[in-house]
>>> print(open('entry.cif').read())   # mmCIF, C-alpha atoms
data_work
#
loop_
_atom_site.label_atom_id
_atom_site.label_comp_id
_atom_site.auth_asym_id
_atom_site.auth_seq_id
_atom_site.Cartn_x
_atom_site.Cartn_y
_atom_site.Cartn_z
CA MET A 1 221.72 88.34 58.74
CA ASP A 2 223.62 90.63 61.11
CA GLN A 3 220.37 91.82 62.69
CA ILE A 4 219.31 88.24 63.36
CA GLN A 5 222.66 87.44 65.00
CA GLU A 6 222.47 90.68 66.99
CA LYS A 7 219.00 89.82 68.32
CA THR A 8 219.87 86.24 69.22
CA SER A 9 223.19 87.12 70.80
CA LYS A 10 221.74 89.92 72.93
CA GLU A 11 221.69 88.91 76.56
CA VAL A 12 218.31 88.75 78.28
CA ASP A 13 218.15 91.16 81.20
CA ILE A 14 216.23 89.28 83.89
CA TYR A 15 215.23 92.55 85.57
CA ARG A 16 213.95 94.21 82.39
CA ASP A 17 212.97 91.47 79.92
CA THR A 18 211.21 88.85 82.06
CA TRP A 19 208.31 88.54 84.50
CA VAL A 20 210.67 89.70 87.26
CA ARG A 21 210.11 93.28 86.03
CA PHE A 22 206.57 93.14 87.42
CA LEU A 23 208.01 92.95 90.95
CA GLY A 24 208.94 96.60 90.50
CA TYR A 25 205.23 97.41 90.23
CA ALA A 26 204.28 95.61 93.43
CA ASN A 27 203.87 98.82 95.43
CA GLU A 28 201.48 100.32 92.87
CA VAL A 29 199.27 97.27 93.29
CA GLY A 30 199.60 97.64 97.06
CA GLU A 31 198.55 101.28 96.86
CA ALA A 32 195.55 100.36 94.73
CA PHE A 33 194.45 97.87 97.41
CA ARG A 34 195.20 100.20 100.34
CA ALA A 35 191.48 100.75 101.07
CA LEU A 36 190.92 97.00 101.34
CA VAL A 37 193.98 95.52 103.03
CA PRO A 38 195.92 96.21 106.24
CA VAL A 39 198.57 98.91 105.94
CA SER A 40 201.21 96.27 106.72
CA ALA A 41 200.28 94.50 103.46
CA VAL A 42 200.81 97.75 101.55
CA TRP A 43 204.22 98.22 103.19
CA ALA A 44 205.10 94.63 102.28
CA THR A 45 204.56 95.50 98.61
CA TYR A 46 207.01 98.38 99.02
CA ALA A 47 209.53 95.90 100.43
CA VAL A 48 209.11 93.69 97.35
CA ALA A 49 209.59 96.68 95.01
CA THR A 50 212.63 97.88 96.97
CA VAL A 51 214.28 94.45 96.78
CA TYR A 52 213.65 94.49 93.01
CA VAL A 53 215.23 97.97 92.68
CA SER A 54 218.23 96.98 94.78
CA ALA A 55 218.77 93.70 92.92
CA ASP A 56 218.64 95.49 89.55
CA ALA A 57 221.17 98.09 90.76
CA VAL A 58 223.55 95.38 92.00
CA ASP A 59 223.13 93.49 88.70
CA LYS A 60 223.99 96.60 86.67
CA GLY A 61 227.02 97.18 88.91
CA LYS A 62 228.25 93.63 88.32
CA LYS A 63 227.77 94.03 84.57
CA ALA A 64 229.70 97.31 84.62
CA ALA A 65 232.52 95.62 86.55
CA VAL A 66 232.79 92.88 83.95
CA GLU A 67 232.57 95.38 81.09
CA HIS A 68 235.38 97.55 82.46
CA GLY A 69 237.67 94.70 83.52
CA ASP A 70 240.87 95.99 85.08
CA ASN A 71 240.75 99.37 83.34
CA PRO A 72 241.49 102.52 85.33
CA GLY A 73 238.34 104.11 86.67
CA LYS A 74 236.53 100.79 87.00
CA THR A 75 235.35 101.56 90.55
CA THR A 76 233.87 104.86 89.42
CA LYS A 77 232.10 103.25 86.44
CA VAL A 78 230.62 100.55 88.71
CA ALA A 79 229.49 103.13 91.27
CA VAL A 80 227.88 105.24 88.54
CA ALA A 81 226.05 102.19 87.17
CA VAL A 82 224.74 101.24 90.62
CA VAL A 83 223.74 104.78 91.63
CA ASP A 84 222.17 105.62 88.28
CA THR A 85 220.13 102.42 88.21
CA PHE A 86 219.10 102.65 91.87
CA VAL A 87 218.03 106.30 91.68
CA TRP A 88 216.20 105.82 88.37
CA GLN A 89 214.38 102.69 89.58
CA ALA A 90 213.60 104.15 93.01
CA LEU A 91 211.97 107.19 91.41
CA ALA A 92 210.38 105.57 88.34
CA SER A 93 209.30 102.26 89.88
CA VAL A 94 208.60 103.05 93.53
CA ALA A 95 208.33 106.64 94.74
CA ILE A 96 206.54 108.52 91.96
CA PRO A 97 204.13 105.77 90.86
CA GLY A 98 203.36 104.83 94.45
CA PHE A 99 202.53 108.44 95.31
CA THR A 100 200.50 108.82 92.10
CA ILE A 101 198.36 105.72 92.66
CA ASN A 102 197.93 106.66 96.33
CA ARG A 103 196.58 110.09 95.39
CA VAL A 104 194.37 108.75 92.56
CA CYS A 105 192.83 106.24 94.97
CA ALA A 106 192.43 108.78 97.79
CA ALA A 107 190.75 111.25 95.42
CA SER A 108 188.53 108.53 93.97
CA LEU A 109 187.39 107.34 97.39
CA TYR A 110 186.72 110.92 98.50
CA LEU A 111 184.79 111.82 95.34
CA LEU A 112 182.76 108.63 95.42
CA GLY A 113 181.87 109.38 99.04
CA ARG A 114 180.81 112.95 98.22
CA THR A 115 178.94 112.28 94.97
CA THR A 116 177.32 108.85 95.35
CA ARG A 117 175.36 106.84 97.85
CA LEU A 118 177.24 103.66 97.16
CA PRO A 119 178.00 101.51 100.20
CA LEU A 120 181.53 101.92 101.57
CA SER A 121 182.59 98.44 100.44
CA VAL A 122 181.53 99.21 96.85
CA ARG A 123 183.37 102.55 96.97
CA LYS A 124 186.53 100.81 98.22
CA TRP A 125 186.42 98.15 95.48
CA THR A 126 185.72 100.83 92.88
CA THR A 127 188.69 102.83 94.15
CA THR A 128 190.88 99.73 93.88
CA ALA A 129 189.70 99.11 90.30
CA ILE A 130 190.43 102.74 89.39
CA GLY A 131 193.90 102.51 90.94
CA LEU A 132 194.75 99.27 89.13
CA SER A 133 193.45 100.58 85.81
CA THR A 134 195.55 103.73 86.19
CA ILE A 135 198.87 101.85 86.42
CA PRO A 136 199.37 101.15 82.69
CA PHE A 137 198.74 104.79 81.82
CA ILE A 138 201.27 106.29 84.23
CA ILE A 139 204.29 104.05 83.58
CA ARG A 140 205.61 105.56 80.35
CA PRO A 141 205.10 109.24 81.29
CA ILE A 142 206.79 108.67 84.65
CA ASP A 143 209.70 106.82 83.01
CA ARG A 144 210.19 109.67 80.51
CA GLY A 145 209.92 112.27 83.27
CA VAL A 146 212.54 110.52 85.38
CA ASP A 147 214.82 110.24 82.34
CA PHE A 148 214.48 113.99 81.82
CA LEU A 149 215.03 114.70 85.52
CA LEU A 150 218.19 112.59 85.74
CA ASP A 151 219.53 113.80 82.37
CA SER A 152 219.04 117.38 83.63
CA SER A 153 220.62 116.83 87.03
CA LEU A 154 222.39 113.77 88.43
CA ARG A 155 223.73 112.48 85.12
CA LYS A 156 225.37 115.85 84.47
CA VAL A 157 227.24 115.47 87.77
CA TYR A 158 228.93 112.26 86.72
CA GLY A 159 229.07 113.08 83.01
CA GLN A 160 226.89 110.29 81.73
CA SER A 161 225.21 110.83 78.40
CA ALA A 162 221.69 109.69 77.62
CA GLY A 163 223.08 106.86 75.49
CA GLU A 164 224.92 105.37 78.48
CA ARG A 165 221.91 104.91 80.73
CA HIS A 166 221.74 101.83 82.86
CA ASP A 167 217.98 101.37 82.52
#
>>> encode(input="entry.cif", output="structure tokens")
Amino acid sequence: MDQIQEKTSKEVDIYRDTWVRFLGYANEVGEAFRALVPVSAVWATYAVATVYVSADAVDKGKKAAVEHGDNPGKTTKVAVAVVDTFVWQALASVAIPGFTINRVCAASLYLLGRTTRLPLSVRKWTTTAIGLSTIPFIIRPIDRGVDFLLDSSLRKVYGQSAGERHD
């Protein structure tokens, strides 16, 4: 019975538990389509992902403020929540996956050009398909890598344990 109450009383995190989470992957989709769309469209997907990251960080800061009430050190706890969430999301949702998909697509386009006689338009669409199909495979390893990176560096600076993550 307690498990049922725990599951039903758990608050839904709009940035993690709903379709809104997919906005964080917008730039990966933009990178996959880079060969087919104007560069400005790719940059627009980075803007969408950055707004998502920023909104999640602000949300976690607000939740930390409520959680810590008027207790001493509240400002520090809120700042840690915001910084930890922003850095984690910026690395795990924007920078590393965007770079990874960009390089996978660039390598694919180059290799297709060197090893096939496919028309350029077919090579570009194939590159896009390869980039899109790569996204599901890179998410978890990147998330785990960023966890390790932050646990080994930034989180030691502000004394946050792995159990206190804001992700």
>>> resolve_selection(input="entry.cif", expression="the PyMOL selection byres ((chain A and resi 16-33) around 7)", output="PDB file with C-alpha atoms, in the coordinates of the input")
ATOM      1  CA  VAL A  12     218.310  88.750  78.280  1.00  0.00           C
ATOM      2  CA  ASP A  13     218.150  91.160  81.200  1.00  0.00           C
ATOM      3  CA  ILE A  14     216.230  89.280  83.890  1.00  0.00           C
ATOM      4  CA  TYR A  15     215.230  92.550  85.570  1.00  0.00           C
ATOM      5  CA  ARG A  34     195.200 100.200 100.340  1.00  0.00           C
ATOM      6  CA  ALA A  35     191.480 100.750 101.070  1.00  0.00           C
ATOM      7  CA  LEU A  36     190.920  97.000 101.340  1.00  0.00           C
ATOM      8  CA  VAL A  37     193.980  95.520 103.030  1.00  0.00           C
ATOM      9  CA  VAL A  42     200.810  97.750 101.550  1.00  0.00           C
ATOM     10  CA  THR A  45     204.560  95.500  98.610  1.00  0.00           C
ATOM     11  CA  TYR A  46     207.010  98.380  99.020  1.00  0.00           C
ATOM     12  CA  VAL A  48     209.110  93.690  97.350  1.00  0.00           C
ATOM     13  CA  ALA A  49     209.590  96.680  95.010  1.00  0.00           C
ATOM     14  CA  TYR A  52     213.650  94.490  93.010  1.00  0.00           C
ATOM     15  CA  VAL A  53     215.230  97.970  92.680  1.00  0.00           C
ATOM     16  CA  SER A  93     209.300 102.260  89.880  1.00  0.00           C
ATOM     17  CA  VAL A  94     208.600 103.050  93.530  1.00  0.00           C
ATOM     18  CA  PRO A  97     204.130 105.770  90.860  1.00  0.00           C
ATOM     19  CA  GLY A  98     203.360 104.830  94.450  1.00  0.00           C
ATOM     20  CA  ILE A 101     198.360 105.720  92.660  1.00  0.00           C
ATOM     21  CA  ASN A 102     197.930 106.660  96.330  1.00  0.00           C
ATOM     22  CA  CYS A 105     192.830 106.240  94.970  1.00  0.00           C
ATOM     23  CA  THR A 128     190.880  99.730  93.880  1.00  0.00           C
ATOM     24  CA  GLY A 131     193.900 102.510  90.940  1.00  0.00           C
ATOM     25  CA  LEU A 132     194.750  99.270  89.130  1.00  0.00           C
TER      26      LEU A 132
END
>>> residues_around(input="entry.cif", residues="Ile142 of chain A", least_positions_apart="6", cutoff="10 Å", atoms="all atoms listed in the file", output="list of chain:residue names")
A:Leu91, A:Ala92, A:Ser93, A:Ile96, A:Pro97, A:Thr100, A:Phe148
>>> atom_distance(input="entry.cif", atom1="atom CA of Arg114 of chain A", atom2="atom CA of Ile130 of chain A")
16.6 Å
>>> residues_around(input="entry.cif", residues="Leu150 of chain A", least_positions_apart="5", cutoff="9 Å", atoms="only C-alpha atoms", output="list in words")
Asp84, Val87, Trp88, Gly145, Arg155 and Lys156 of chain A
>>> residues_around(input="entry.cif", residues="segment 60-67 of chain A", least_positions_apart="3", cutoff="8 Å", atoms="all atoms listed in the file", output="count of residues only")
11
>>> atom_distance(input="entry.cif", atom1="atom CA of Lys124 of chain A", atom2="atom CA of Trp43 of chain A")
18.6 Å
>>> atom_distance(input="entry.cif", atom1="atom CA of Asp147 of chain A", atom2="atom CA of Gln89 of chain A")
10.5 Å
>>> build_atoms(input="entry.cif", residues="segment 64-75 of chain A", atoms="all heavy atoms", output="PDB file, in the frame of the given file")
ATOM      1  N   ALA A  64     228.727  96.245  84.873  1.00  0.00           N
ATOM      2  CA  ALA A  64     229.700  97.310  84.620  1.00  0.00           C
ATOM      3  C   ALA A  64     231.103  96.865  85.020  1.00  0.00           C
ATOM      4  O   ALA A  64     232.081  97.186  84.334  1.00  0.00           O
ATOM      5  CB  ALA A  64     229.298  98.583  85.373  1.00  0.00           C
ATOM      6  N   ALA A  65     231.213  96.109  86.105  1.00  0.00           N
ATOM      7  CA  ALA A  65     232.520  95.620  86.550  1.00  0.00           C
ATOM      8  C   ALA A  65     233.124  94.679  85.516  1.00  0.00           C
ATOM      9  O   ALA A  65     234.318  94.774  85.200  1.00  0.00           O
ATOM     10  CB  ALA A  65     232.379  94.906  87.900  1.00  0.00           C
ATOM     11  N   VAL A  66     232.307  93.802  84.970  1.00  0.00           N
ATOM     12  CA  VAL A  66     232.790  92.880  83.950  1.00  0.00           C
ATOM     13  C   VAL A  66     233.176  93.649  82.683  1.00  0.00           C
ATOM     14  O   VAL A  66     234.228  93.407  82.084  1.00  0.00           O
ATOM     15  CB  VAL A  66     231.715  91.814  83.622  1.00  0.00           C
ATOM     16  CG1 VAL A  66     232.077  91.011  82.382  1.00  0.00           C
ATOM     17  CG2 VAL A  66     231.513  90.894  84.814  1.00  0.00           C
ATOM     18  N   GLU A  67     232.340  94.592  82.305  1.00  0.00           N
ATOM     19  CA  GLU A  67     232.570  95.380  81.090  1.00  0.00           C
ATOM     20  C   GLU A  67     233.868  96.183  81.154  1.00  0.00           C
ATOM     21  O   GLU A  67     234.569  96.330  80.156  1.00  0.00           O
ATOM     22  CB  GLU A  67     231.391  96.332  80.861  1.00  0.00           C
ATOM     23  CG  GLU A  67     231.497  97.198  79.626  1.00  0.00           C
ATOM     24  CD  GLU A  67     230.328  98.136  79.469  1.00  0.00           C
ATOM     25  OE1 GLU A  67     229.213  97.801  79.923  1.00  0.00           O
ATOM     26  OE2 GLU A  67     230.525  99.217  78.900  1.00  0.00           O
ATOM     27  N   HIS A  68     234.209  96.694  82.332  1.00  0.00           N
ATOM     28  CA  HIS A  68     235.380  97.550  82.460  1.00  0.00           C
ATOM     29  C   HIS A  68     236.640  96.812  82.910  1.00  0.00           C
ATOM     30  O   HIS A  68     237.705  97.422  83.010  1.00  0.00           O
ATOM     31  CB  HIS A  68     235.066  98.731  83.393  1.00  0.00           C
ATOM     32  CG  HIS A  68     234.022  99.621  82.818  1.00  0.00           C
ATOM     33  ND1 HIS A  68     234.231 100.427  81.729  1.00  0.00           N
ATOM     34  CD2 HIS A  68     232.726  99.797  83.156  1.00  0.00           C
ATOM     35  CE1 HIS A  68     233.124 101.067  81.426  1.00  0.00           C
ATOM     36  NE2 HIS A  68     232.194 100.696  82.273  1.00  0.00           N
ATOM     37  N   GLY A  69     236.503  95.518  83.192  1.00  0.00           N
ATOM     38  CA  GLY A  69     237.670  94.700  83.520  1.00  0.00           C
ATOM     39  C   GLY A  69     238.585  95.340  84.531  1.00  0.00           C
ATOM     40  O   GLY A  69     238.143  95.764  85.597  1.00  0.00           O
ATOM     41  N   ASP A  70     239.875  95.402  84.182  1.00  0.00           N
ATOM     42  CA  ASP A  70     240.870  95.990  85.080  1.00  0.00           C
ATOM     43  C   ASP A  70     241.262  97.403  84.645  1.00  0.00           C
ATOM     44  O   ASP A  70     242.323  97.905  85.030  1.00  0.00           O
ATOM     45  CB  ASP A  70     242.124  95.099  85.130  1.00  0.00           C
ATOM     46  CG  ASP A  70     241.846  93.777  85.832  1.00  0.00           C
ATOM     47  OD1 ASP A  70     240.982  93.774  86.728  1.00  0.00           O
ATOM     48  OD2 ASP A  70     242.489  92.770  85.475  1.00  0.00           O
ATOM     49  N   ASN A  71     240.447  98.020  83.838  1.00  0.00           N
ATOM     50  CA  ASN A  71     240.750  99.370  83.340  1.00  0.00           C
ATOM     51  C   ASN A  71     240.722 100.390  84.469  1.00  0.00           C
ATOM     52  O   ASN A  71     239.984 100.245  85.447  1.00  0.00           O
ATOM     53  CB  ASN A  71     239.738  99.781  82.262  1.00  0.00           C
ATOM     54  CG  ASN A  71     239.826  98.906  81.036  1.00  0.00           C
ATOM     55  OD1 ASN A  71     240.884  98.384  80.721  1.00  0.00           O
ATOM     56  ND2 ASN A  71     238.722  98.742  80.348  1.00  0.00           N
ATOM     57  N   PRO A  72     241.528 101.447  84.329  1.00  0.00           N
ATOM     58  CA  PRO A  72     241.490 102.520  85.330  1.00  0.00           C
ATOM     59  C   PRO A  72     240.083 103.138  85.364  1.00  0.00           C
ATOM     60  O   PRO A  72     239.415 103.245  84.340  1.00  0.00           O
ATOM     61  CB  PRO A  72     242.506 103.543  84.810  1.00  0.00           C
ATOM     62  CG  PRO A  72     243.314 102.833  83.781  1.00  0.00           C
ATOM     63  CD  PRO A  72     242.500 101.689  83.274  1.00  0.00           C
ATOM     64  N   GLY A  73     239.660 103.508  86.528  1.00  0.00           N
ATOM     65  CA  GLY A  73     238.340 104.110  86.670  1.00  0.00           C
ATOM     66  C   GLY A  73     237.206 103.110  86.790  1.00  0.00           C
ATOM     67  O   GLY A  73     236.035 103.483  86.772  1.00  0.00           O
ATOM     68  N   LYS A  74     237.547 101.841  86.915  1.00  0.00           N
ATOM     69  CA  LYS A  74     236.530 100.790  87.000  1.00  0.00           C
ATOM     70  C   LYS A  74     235.606 101.026  88.198  1.00  0.00           C
ATOM     71  O   LYS A  74     234.383 100.920  88.070  1.00  0.00           O
ATOM     72  CB  LYS A  74     237.198  99.427  87.126  1.00  0.00           C
ATOM     73  CG  LYS A  74     236.239  98.291  87.405  1.00  0.00           C
ATOM     74  CD  LYS A  74     236.968  96.974  87.590  1.00  0.00           C
ATOM     75  CE  LYS A  74     236.038  95.862  87.973  1.00  0.00           C
ATOM     76  NZ  LYS A  74     236.746  94.600  88.168  1.00  0.00           N
ATOM     77  N   THR A  75     236.160 101.353  89.348  1.00  0.00           N
ATOM     78  CA  THR A  75     235.350 101.560  90.550  1.00  0.00           C
ATOM     79  C   THR A  75     234.335 102.680  90.341  1.00  0.00           C
ATOM     80  O   THR A  75     233.171 102.546  90.725  1.00  0.00           O
ATOM     81  CB  THR A  75     236.253 101.884  91.758  1.00  0.00           C
ATOM     82  OG1 THR A  75     237.187 100.821  91.919  1.00  0.00           O
ATOM     83  CG2 THR A  75     235.439 102.033  93.032  1.00  0.00           C
TER      84      THR A  75
END
